[in-house]
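What's in structure15.tsv: TSV, C-alpha atoms
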```
chain	number	residue	atom	x	y	z
A	1	MET	CA	-47.22	-9.10	20.43
A	2	PRO	CA	-46.82	-11.49	23.38
A	3	ASP	CA	-43.47	-11.70	25.09
A	4	LEU	CA	-41.19	-14.68	24.54
A	5	PRO	CA	-38.64	-15.75	27.15
A	6	LEU	CA	-34.98	-15.94	26.17
A	7	ALA	CA	-34.38	-19.36	27.69
A	8	SER	CA	-31.10	-21.26	27.77
A	9	ASN	CA	-31.94	-22.68	24.34
A	10	GLY	CA	-33.10	-19.29	23.02
A	11	THR	CA	-31.55	-16.78	20.68
A	12	LEU	CA	-29.65	-13.52	21.16
A	13	PRO	CA	-30.51	-10.89	18.53
A	14	VAL	CA	-27.56	-8.68	17.58
A	15	LEU	CA	-28.60	-5.47	15.80
A	16	MET	CA	-26.25	-3.67	13.43
A	17	TYR	CA	-26.21	0.12	12.96
A	18	HIS	CA	-23.94	2.43	10.97
A	19	HIS	CA	-24.96	6.09	10.52
A	20	VAL	CA	-27.45	7.81	12.85
A	21	ASN	CA	-27.97	10.90	10.74
A	22	PRO	CA	-30.69	13.42	9.83
A	23	VAL	CA	-29.93	12.88	6.11
A	24	PRO	CA	-31.58	9.63	4.98
A	25	GLY	CA	-29.60	7.17	2.91
A	26	ALA	CA	-28.06	3.73	2.74
A	27	LEU	CA	-26.89	2.29	6.08
A	28	THR	CA	-28.52	5.25	7.83
A	29	ILE	CA	-31.23	5.60	10.45
A	30	THR	CA	-32.57	9.03	11.34
A	31	PRO	CA	-32.19	10.23	14.96
A	32	ALA	CA	-35.99	10.23	15.31
A	33	HIS	CA	-36.32	6.60	14.21
A	34	PHE	CA	-33.37	5.56	16.35
A	35	ALA	CA	-34.90	7.26	19.39
A	36	ALA	CA	-38.21	5.51	18.70
A	37	GLN	CA	-36.48	2.12	18.56
A	38	MET	CA	-34.61	2.72	21.80
A	39	HIS	CA	-37.77	3.98	23.51
A	40	TRP	CA	-39.52	0.76	22.48
A	41	LEU	CA	-36.70	-1.40	23.87
A	42	ALA	CA	-36.72	0.46	27.17
A	43	GLU	CA	-40.52	0.45	27.46
A	44	HIS	CA	-40.64	-3.30	26.83
A	45	GLY	CA	-37.97	-4.18	29.38
A	46	TYR	CA	-35.10	-5.21	27.14
A	47	SER	CA	-31.57	-5.51	28.50
A	48	THR	CA	-28.78	-4.43	26.16
A	49	LEU	CA	-25.77	-6.69	26.57
A	50	GLY	CA	-22.12	-5.76	26.09
A	51	SER	CA	-19.22	-8.03	25.26
A	52	ALA	CA	-19.25	-9.74	28.67
A	53	GLY	CA	-22.93	-10.58	28.26
A	54	ILE	CA	-22.39	-11.92	24.76
A	55	GLU	CA	-19.58	-14.15	25.98
A	56	ALA	CA	-21.70	-15.38	28.88
A	57	PHE	CA	-24.67	-16.16	26.63
A	58	LEU	CA	-22.58	-18.14	24.13
A	59	ALA	CA	-21.05	-20.09	27.01
A	60	GLY	CA	-24.53	-21.09	28.18
A	61	GLU	CA	-24.57	-18.84	31.22
A	62	PRO	CA	-27.81	-17.06	32.23
A	63	VAL	CA	-28.57	-13.61	30.84
A	64	PRO	CA	-31.73	-11.51	31.22
A	65	LYS	CA	-34.69	-13.12	29.49
A	66	LYS	CA	-35.23	-10.18	27.14
A	67	SER	CA	-31.72	-9.43	25.90
A	68	VAL	CA	-30.47	-7.76	22.74
A	69	VAL	CA	-27.11	-6.44	21.53
A	70	LEU	CA	-26.72	-3.06	19.80
A	71	THR	CA	-23.63	-2.78	17.58
A	72	PHE	CA	-22.35	0.23	15.62
A	73	ASP	CA	-19.79	-0.12	12.83
A	74	ASP	CA	-16.99	2.34	11.96
A	75	GLY	CA	-16.94	4.60	15.04
A	76	LEU	CA	-18.76	7.43	13.30
A	77	LEU	CA	-19.11	10.94	14.70
A	78	ASP	CA	-22.88	10.88	14.25
A	79	ASN	CA	-23.07	7.91	16.65
A	80	TYR	CA	-21.66	10.15	19.37
A	81	VAL	CA	-23.73	13.18	18.37
A	82	HIS	CA	-27.09	11.46	17.94
A	83	ALA	CA	-27.03	7.91	19.37
A	84	HIS	CA	-25.06	8.53	22.58
A	85	PRO	CA	-27.54	10.98	24.19
A	86	VAL	CA	-30.47	8.68	23.32
A	87	LEU	CA	-28.77	5.65	24.86
A	88	GLN	CA	-27.95	7.75	27.92
A	89	ARG	CA	-31.57	8.89	28.23
A	90	TYR	CA	-32.87	5.32	28.31
A	91	GLY	CA	-30.00	3.73	30.23
A	92	LEU	CA	-29.01	1.47	27.33
A	93	HIS	CA	-25.60	0.12	26.35
A	94	ALA	CA	-24.07	-0.50	22.93
A	95	VAL	CA	-20.90	-1.83	21.29
A	96	MET	CA	-18.96	0.39	18.89
A	97	PHE	CA	-16.40	-1.08	16.49
A	98	LEU	CA	-13.64	1.47	15.88
A	99	VAL	CA	-11.48	1.85	12.81
A	100	THR	CA	-8.61	2.89	15.06
A	101	GLY	CA	-6.67	4.64	12.30
A	102	TRP	CA	-9.53	7.13	11.95
A	103	ASN	CA	-9.65	8.33	15.58
A	104	HIS	CA	-7.87	11.58	16.49
A	105	ASP	CA	-7.09	13.68	19.52
A	106	GLY	CA	-8.87	16.95	20.18
A	107	PRO	CA	-11.62	18.38	22.38
A	108	ALA	CA	-14.98	16.66	22.54
A	109	ARG	CA	-17.53	18.23	20.23
A	110	PRO	CA	-21.06	19.07	21.48
A	111	HIS	CA	-23.64	16.32	20.94
A	112	ALA	CA	-27.40	16.52	20.47
A	113	GLY	CA	-28.01	16.50	24.22
A	114	GLU	CA	-26.10	19.78	24.52
A	115	SER	CA	-26.48	23.26	23.08
A	116	SER	CA	-25.34	23.89	19.50
A	117	PRO	CA	-24.46	20.28	18.57
A	118	VAL	CA	-21.90	19.83	15.83
A	119	VAL	CA	-23.31	19.28	12.34
A	120	VAL	CA	-22.41	15.80	11.11
A	121	PRO	CA	-21.74	14.86	7.48
A	122	SER	CA	-24.13	12.58	5.62
A	123	ARG	CA	-23.09	9.10	4.57
A	124	GLU	CA	-22.25	10.28	1.05
A	125	ASP	CA	-20.23	13.22	2.33
A	126	SER	CA	-18.50	10.93	4.83
A	127	LYS	CA	-17.34	8.64	2.04
A	128	ALA	CA	-15.77	11.60	0.24
A	129	LEU	CA	-14.09	12.83	3.43
A	130	ILE	CA	-12.60	9.39	4.06
A	131	GLU	CA	-11.24	9.33	0.52
A	132	ALA	CA	-9.66	12.74	1.17
A	133	GLY	CA	-8.09	11.55	4.42
A	134	SER	CA	-10.26	13.86	6.55
A	135	THR	CA	-11.32	11.18	9.00
A	136	ASP	CA	-11.48	13.54	11.98
A	137	ASP	CA	-14.57	15.05	10.34
A	138	ILE	CA	-16.42	11.72	10.27
A	139	ALA	CA	-15.09	9.65	13.20
A	140	VAL	CA	-15.27	9.94	16.97
A	141	ARG	CA	-12.31	11.44	18.79
A	142	TRP	CA	-10.61	9.79	21.74
A	143	SER	CA	-12.04	12.47	24.02
A	144	GLU	CA	-15.54	11.59	22.81
A	145	ILE	CA	-14.82	7.90	23.26
A	146	GLU	CA	-13.85	8.62	26.85
A	147	ARG	CA	-17.06	10.58	27.46
A	148	MET	CA	-19.12	7.65	26.19
A	149	ARG	CA	-17.13	5.15	28.26
A	150	VAL	CA	-17.68	7.18	31.41
A	151	ALA	CA	-21.40	7.54	30.64
A	152	GLY	CA	-21.70	3.79	30.05
A	153	THR	CA	-23.43	4.19	26.71
A	154	PHE	CA	-20.76	2.47	24.61
A	155	GLU	CA	-17.88	0.05	24.90
A	156	PHE	CA	-15.27	-0.13	22.15
A	157	HIS	CA	-13.78	-2.90	20.07
A	158	SER	CA	-11.98	-3.44	16.79
A	159	HIS	CA	-13.10	-2.82	13.22
A	160	THR	CA	-9.43	-3.10	12.12
A	161	HIS	CA	-7.02	-0.17	11.92
A	162	SER	CA	-7.55	0.83	8.29
A	163	HIS	CA	-10.90	-0.65	7.16
A	164	THR	CA	-9.12	-2.11	4.13
A	165	ARG	CA	-10.28	-5.15	2.17
A	166	TRP	CA	-6.86	-6.74	1.79
A	167	ASP	CA	-8.29	-9.54	-0.34
A	168	ARG	CA	-9.07	-6.91	-3.00
A	169	VAL	CA	-5.84	-4.91	-3.00
A	170	CYS	CA	-3.13	-7.55	-2.52
A	171	ALA	CA	-1.51	-9.46	-5.35
A	172	SER	CA	-1.01	-12.71	-3.45
A	173	ARG	CA	-2.36	-14.71	-0.56
A	174	GLU	CA	0.91	-14.20	1.33
A	175	GLU	CA	0.71	-10.43	0.94
A	176	LYS	CA	-2.95	-10.41	1.98
A	177	THR	CA	-2.16	-12.37	5.14
A	178	ALA	CA	0.83	-10.22	6.05
A	179	ARG	CA	-1.03	-6.94	5.58
A	180	LEU	CA	-4.01	-8.16	7.59
A	181	GLN	CA	-1.67	-9.24	10.40
A	182	GLU	CA	-0.17	-5.73	10.49
A	183	ASP	CA	-3.62	-4.13	10.38
A	184	LEU	CA	-4.98	-6.14	13.29
A	185	ALA	CA	-1.78	-5.73	15.32
A	186	LEU	CA	-2.04	-1.93	14.95
A	187	SER	CA	-5.69	-2.03	15.97
A	188	GLN	CA	-4.95	-4.10	19.07
A	189	ALA	CA	-1.97	-1.95	20.04
A	190	THR	CA	-4.01	1.24	19.67
A	191	LEU	CA	-6.92	-0.08	21.72
A	192	HIS	CA	-4.54	-1.25	24.44
A	193	ALA	CA	-2.67	2.05	24.55
A	194	ARG	CA	-5.84	4.17	24.58
A	195	LEU	CA	-8.29	2.06	26.56
A	196	GLY	CA	-5.98	-0.02	28.73
A	197	GLU	CA	-6.89	-3.37	27.22
A	198	ALA	CA	-6.92	-5.14	23.88
A	199	SER	CA	-10.13	-6.54	22.49
A	200	ARG	CA	-11.28	-10.08	21.78
A	201	HIS	CA	-14.15	-8.78	19.62
A	202	LEU	CA	-13.62	-7.92	15.95
A	203	CYS	CA	-16.08	-6.76	13.31
A	204	TRP	CA	-15.07	-7.46	9.70
A	205	PRO	CA	-15.08	-4.46	7.31
A	206	GLN	CA	-17.94	-4.94	4.83
A	207	GLY	CA	-18.61	-8.27	6.51
A	208	TYR	CA	-15.98	-10.06	4.44
A	209	PHE	CA	-13.83	-12.88	5.76
A	210	ASP	CA	-12.27	-16.08	4.47
A	211	ASP	CA	-10.29	-18.91	6.04
A	212	ASP	CA	-7.09	-16.85	6.00
A	213	TYR	CA	-8.83	-13.93	7.67
A	214	LEU	CA	-10.19	-16.21	10.39
A	215	GLN	CA	-6.78	-17.71	11.09
A	216	VAL	CA	-5.05	-14.33	11.28
A	217	ALA	CA	-7.75	-12.93	13.57
A	218	ARG	CA	-7.47	-15.83	15.98
A	219	GLN	CA	-3.68	-15.56	16.03
A	220	ALA	CA	-4.09	-11.86	16.87
A	221	GLY	CA	-6.18	-12.73	19.94
A	222	PHE	CA	-9.67	-12.20	18.57
A	223	ARG	CA	-12.26	-14.83	19.46
A	224	TYR	CA	-15.61	-13.14	18.85
A	225	LEU	CA	-16.02	-12.24	15.18
A	226	TYR	CA	-19.01	-10.29	13.84
A	227	THR	CA	-20.41	-10.53	10.33
A	228	THR	CA	-22.92	-8.42	8.42
A	229	ARG	CA	-24.94	-11.56	7.68
A	230	ASP	CA	-28.41	-12.30	9.01
A	231	THR	CA	-28.67	-15.93	7.98
A	232	ASP	CA	-28.78	-17.71	11.35
A	233	ARG	CA	-29.50	-17.18	15.04
A	234	ASN	CA	-26.95	-16.78	17.81
A	235	ARG	CA	-27.53	-19.49	20.42
A	236	PRO	CA	-25.70	-20.85	23.45
A	237	GLY	CA	-22.84	-22.91	22.06
A	238	SER	CA	-22.85	-21.11	18.70
A	239	ASP	CA	-19.50	-20.56	17.01
A	240	PRO	CA	-18.18	-17.23	18.38
A	241	GLY	CA	-16.27	-16.83	15.10
A	242	HIS	CA	-19.57	-16.32	13.25
A	243	LEU	CA	-21.77	-13.87	15.14
A	244	TYR	CA	-24.77	-12.98	13.00
A	245	ARG	CA	-26.31	-9.52	13.01
A	246	ILE	CA	-29.58	-7.93	11.91
A	247	GLY	CA	-29.32	-4.68	9.92
A	248	ASP	CA	-31.58	-1.94	11.30
A	249	LYS	CA	-33.07	-0.99	7.87
A	250	GLY	CA	-33.58	2.61	9.01
A	251	LYS	CA	-37.10	1.89	10.28
A	252	ALA	CA	-38.92	3.07	13.41
A	253	ALA	CA	-40.20	1.19	16.46
A	254	ASN	CA	-42.76	-0.98	14.67
A	255	TRP	CA	-39.91	-2.60	12.70
A	256	ILE	CA	-37.87	-3.52	15.77
A	257	ALA	CA	-40.97	-4.88	17.53
A	258	ARG	CA	-41.80	-7.19	14.61
A	259	LYS	CA	-38.21	-8.23	14.00
A	260	LEU	CA	-37.39	-9.17	17.57
A	261	TRP	CA	-40.64	-11.06	17.93
A	262	LEU	CA	-39.89	-13.03	14.76
A	263	VAL	CA	-36.25	-13.94	15.42
A	264	ARG	CA	-36.98	-14.96	19.03
A	265	HIS	CA	-40.00	-17.11	18.17
A	266	PRO	CA	-39.12	-20.82	18.48
A	267	LEU	CA	-41.15	-21.87	15.41
A	268	PHE	CA	-41.51	-18.85	13.13
A	269	GLY	CA	-37.92	-17.80	13.81
A	270	ALA	CA	-36.62	-21.23	12.87
A	271	ALA	CA	-38.66	-21.19	9.65
A	272	HIS	CA	-37.50	-17.65	8.83
A	273	TYR	CA	-33.82	-18.59	9.00
A	274	TRP	CA	-34.35	-21.92	7.26
A	275	LEU	CA	-35.70	-20.00	4.28
A	276	LYS	CA	-32.83	-17.49	4.43
A	277	GLN	CA	-30.25	-20.29	4.38
A	278	ARG	CA	-31.91	-21.92	1.37
A	279	LYS	CA	-31.45	-18.66	-0.57
A	280	HIS	CA	-27.70	-18.53	0.15
```

What's the structure tokens form of this structure?
Amino acid sequence: MPDLPLASNGTLPVLMYHHVNPVPGALTITPAHFAAQMHWLAEHGYSTLGSAGIEAFLAGEPVPKKSVVLTFDDGLLDNYVHAHPVLQRYGLHAVMFLVTGWNHDGPARPHAGESSPVVVPSREDSKALIEAGSTDDIAVRWSEIERMRVAGTFEFHSHTHSHTRWDRVCASREEKTARLQEDLALSQATLHARLGEASRHLCWPQGYFDDDYLQVARQAGFRYLYTTRDTDRNRPGSDPGHLYRIGDKGKAANWIARKLWLVRHPLFGAAHYWLKQRKH
């Protein structure tokens, strides 16, 4: 497929990953398919932007012509074990959204680039471990976060402190708002204490938000808000409170090649998202 420039009126694809795990399943890409995707990006000269690059792009500032953003939700252990060494191999950078109440202290576990890597739970087993309160078995530790920060493979932002859908568990709008305020304040305080700075980037659990959520997030200092929706393109001047993302679908390199070509194409990309919006 021919290359398309990412001009000032272009689009910035933001890819969304969850589990990188040998056990296939929902919201899961295998390490082999993930490595194939990252190899394709590196071979085709893509730049992977972090939060500073996203902010610059939305403000209309220049970014590399072939830019993409890699985001990972939940701060899962398998991201460190399987994604981190691949990103390091290809010199790529990603954004990880931490559920800060799930991260623990303890020594860094061996990843797939080292001998005897730790065995990671599948998505289904992870759900059961979260229900049991055993989040250290499924989430990255602070020592692992520090290793990834030093390596430059990941930067870290907020996915709330508890990953709770307060709209589902609260009896009133007032209670929902108050609990979300506490949740985001804990997340910000934890990030500041552990990483030395609070975040302006927030990813909504399960992609859900409403007007109350948006107001609380902005009051908490968040400006860049990520959805799970793929119904529009991110352009210079786009609303930073609605950053759209493309789910990885668990496919290999041919998928990412086709998808990036489509969403960046000035005509076919526009038609693709026009049809998506008509369905919603």

### Summary
Across A:Asp73, A:Asp211, A:Glu61, A:Glu43, the smallest distance to Thr227 of chain A, with all atoms listed in the file counted, is shown by A:Asp73

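Taking only C-alpha atoms into account, Ser126 of chain A lies nearest to A:Asn21 out of the set A:Asn21, A:Thr100, A:Asn254, A:Thr164.
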
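Of the listed residues (A:Ala52, A:Leu70, A:Ala59, A:Ala198), A:Ala59 comes nearest to Pro240 of chain A; the distances count all atoms listed in the file.
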
### Task
Can you pull out every residue within 12 Å of Arg165 of chain A, counting all atoms listed in the file, but drop anything in the same chain fewer than 3 positions away, and send it as number ranges by chain?
A: 159-162, 168-170, 176-177, 179-180, 183, 204-210, 213

### Query
Contacts of Ser143 of chain A at 10 Å or less, counting all atoms listed in the file, minus same-chain residues fewer than 3 places along, as a ChimeraX atom specification?
/A:103-109,140,146-149

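Across A:Arg200, A:Arg194, A:Arg233, A:Arg264, the tightest approach to Ala220 of chain A is made by A:Arg200 when counting only C-alpha atoms.
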
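Considering all atoms listed in the file, the residue among A:Lys259, A:Arg123, A:Lys276, A:His192 positioned nearest to Ile29 of chain A is A:Arg123.
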
### Message
List as a ChimeraX atom specification the protein and nucleic acid residues near Pro31 of chain A, meaning an atom at most 7 Å away when all atoms listed in the file are counted, but skip any in the same chain fewer than 5 places from it.
### Response
/A:20-22,82

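For the pair atom CA of Val23 of chain A and atom CA of Ile246 of chain A, the interatomic distance is 21.6 Å.
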
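Polymer residues near (-23.3, 20.2, 18.9): counting only C-alpha atoms with a cut-off of 12 Å, they are Leu77, Asp78, Tyr80, Val81, His82, Pro85, Ala108, Arg109, Pro110, His111, Ala112, Gly113, Glu114, Ser115, Ser116, Pro117, Val118, Val119 and Val120 of chain A.
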
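Remark: for Leu27 of chain A, the closest of the candidate residues A:Val63, A:Leu260, A:Gly75, A:Glu124 is A:Glu124 (distances computed over all atoms listed in the file).
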
### Message
What does the structure give for the distance between atom CA of Gly10 of chain A and atom CA of Gly247 of chain A, in Å to one decimal?
### Response
20.0 Å

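Pairwise distance (atom CA of Leu186 of chain A, atom CA of His84 of chain A) equals 26.4 Å.
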
### Message
With only C-alpha atoms as the counted atoms, please give the residues lying no more than 10 Å from Lys249 of chain A, apart from itself and same-chain residues fewer than 6 positions off, as a list in words.
### Response
Met16, Tyr17, Ala26, Leu27, Thr28, Ile29, Trp255 and Ile256 of chain A

### Task
Write out as a PyMOL selection string the residues lying within 9 Å of Phe57 of chain A, counting only C-alpha atoms and excluding same-chain residues fewer than 2 positions away.
chain A and resi 8+12+52-55+59-63+235-237
